[in-house]
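Each remark here refers to the structure printed beneath this line.
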Amino acid sequence: MDTRVSVYYHSQWQGPCFKIANYGSVTNFAYITLSSGKNANDVMASHRFGNHCSGTVYDSGS
């Protein structure tokens with residue numbers, strides 16, 4: 001994808017989050033640190049295209 005994706009722990013684009021880089025990928029959410037300092041997991045509840053999240057940008061492919 002040619003734009004970042006912001007991934008949020010809670011629905012409605014709220015709570016701790018992280019971003020996936022443009023044209024990037026993330027292979028395992030367990031290695032992701034959220035903006036709250038906790039680790040992400042497979043139950044992240046919502047995502048939004050764009051640079052809306054204040055969290056770190058990740059890309060497992062680089």
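Each chain in the structure tokens gets a letter, A, B, ..., in the order shown, and its residues are numbered from 1; ligands are numbered from 1 in order too.
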Fewer than 2 positions away in the same chain doesn't count, so skip those; otherwise give me all residues within 7 Å of Phe18 (chain A), counting only C-alpha atoms, as an mmCIF file with N, CA, C and O atoms, in the first residue's frame.
```cif
data_model
loop_
_atom_site.group_PDB
_atom_site.id
_atom_site.type_symbol
_atom_site.label_atom_id
_atom_site.label_comp_id
_atom_site.auth_asym_id
_atom_site.auth_seq_id
_atom_site.Cartn_x
_atom_site.Cartn_y
_atom_site.Cartn_z
ATOM 1 N N SER A 6 -2.487 3.116 10.268
ATOM 2 C CA SER A 6 -2.476 3.243 11.727
ATOM 3 C C SER A 6 -3.340 2.126 12.299
ATOM 4 O O SER A 6 -4.485 1.952 11.885
ATOM 5 N N VAL A 7 -2.800 1.346 13.247
ATOM 6 C CA VAL A 7 -3.501 0.205 13.841
ATOM 7 C C VAL A 7 -3.720 0.505 15.321
ATOM 8 O O VAL A 7 -2.773 0.831 16.041
ATOM 9 N N TYR A 8 -4.974 0.367 15.765
ATOM 10 C CA TYR A 8 -5.363 0.750 17.124
ATOM 11 C C TYR A 8 -5.818 -0.454 17.950
ATOM 12 O O TYR A 8 -6.432 -1.370 17.434
ATOM 13 N N ILE A 20 2.106 1.065 10.304
ATOM 14 C CA ILE A 20 2.831 0.234 9.350
ATOM 15 C C ILE A 20 3.294 1.155 8.227
ATOM 16 O O ILE A 20 2.513 1.938 7.696
ATOM 17 N N LEU A 34 3.347 -0.727 21.428
ATOM 18 C CA LEU A 34 2.332 0.306 21.231
ATOM 19 C C LEU A 34 2.776 1.630 21.833
ATOM 20 O O LEU A 34 3.720 1.693 22.621
ATOM 21 N N SER A 35 2.047 2.683 21.509
ATOM 22 C CA SER A 35 2.350 4.007 22.042
ATOM 23 C C SER A 35 2.204 4.052 23.569
ATOM 24 O O SER A 35 2.764 4.927 24.211
ATOM 25 N N CYS A 53 -1.931 8.019 13.791
ATOM 26 C CA CYS A 53 -1.484 7.517 15.089
ATOM 27 C C CYS A 53 -0.177 8.182 15.514
ATOM 28 O O CYS A 53 0.671 8.490 14.686
ATOM 29 N N GLY A 55 1.991 6.610 17.362
ATOM 30 C CA GLY A 55 2.929 5.517 17.647
ATOM 31 C C GLY A 55 4.048 5.387 16.636
ATOM 32 O O GLY A 55 4.118 6.099 15.633
ATOM 33 N N THR A 56 4.924 4.436 16.900
ATOM 34 C CA THR A 56 6.089 4.156 16.074
ATOM 35 C C THR A 56 5.685 3.540 14.735
ATOM 36 O O THR A 56 4.709 2.817 14.653
ATOM 37 N N VAL A 57 6.493 3.802 13.699
ATOM 38 C CA VAL A 57 6.283 3.210 12.379
ATOM 39 C C VAL A 57 7.112 1.929 12.284
ATOM 40 O O VAL A 57 8.304 1.937 12.577
#
```
For this session: Write out as a list of chain:residue names the residues lying within 12 Å of region 36-42 of chain A, counting only C-alpha atoms and excluding same-chain residues fewer than 4 positions away.
Result: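 Contacts, in chain order: A:Val7, A:Tyr8, A:Tyr9, A:His10, A:Gln14, A:Gly15, A:Pro16, A:Cys17, A:Phe18, A:Lys19, A:Val26, A:Thr27, A:Asn28, A:Phe29, A:Ala30, A:Tyr31, A:Ile32, A:Ser46, A:Cys53, A:Ser54, A:Gly55, A:Thr56, A:Tyr58.
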Exercise. Would you give me, as a count of residues only, the residues in chain A that DSSP reads as strand (DSSP E)?
Worked result: 19
Exercise. For Asp59 (chain A), which of A:Met44, A:Val5, A:Ser25, A:Ser11 is the closest residue, counting only C-alpha atoms?
Worked result: A:Ser25
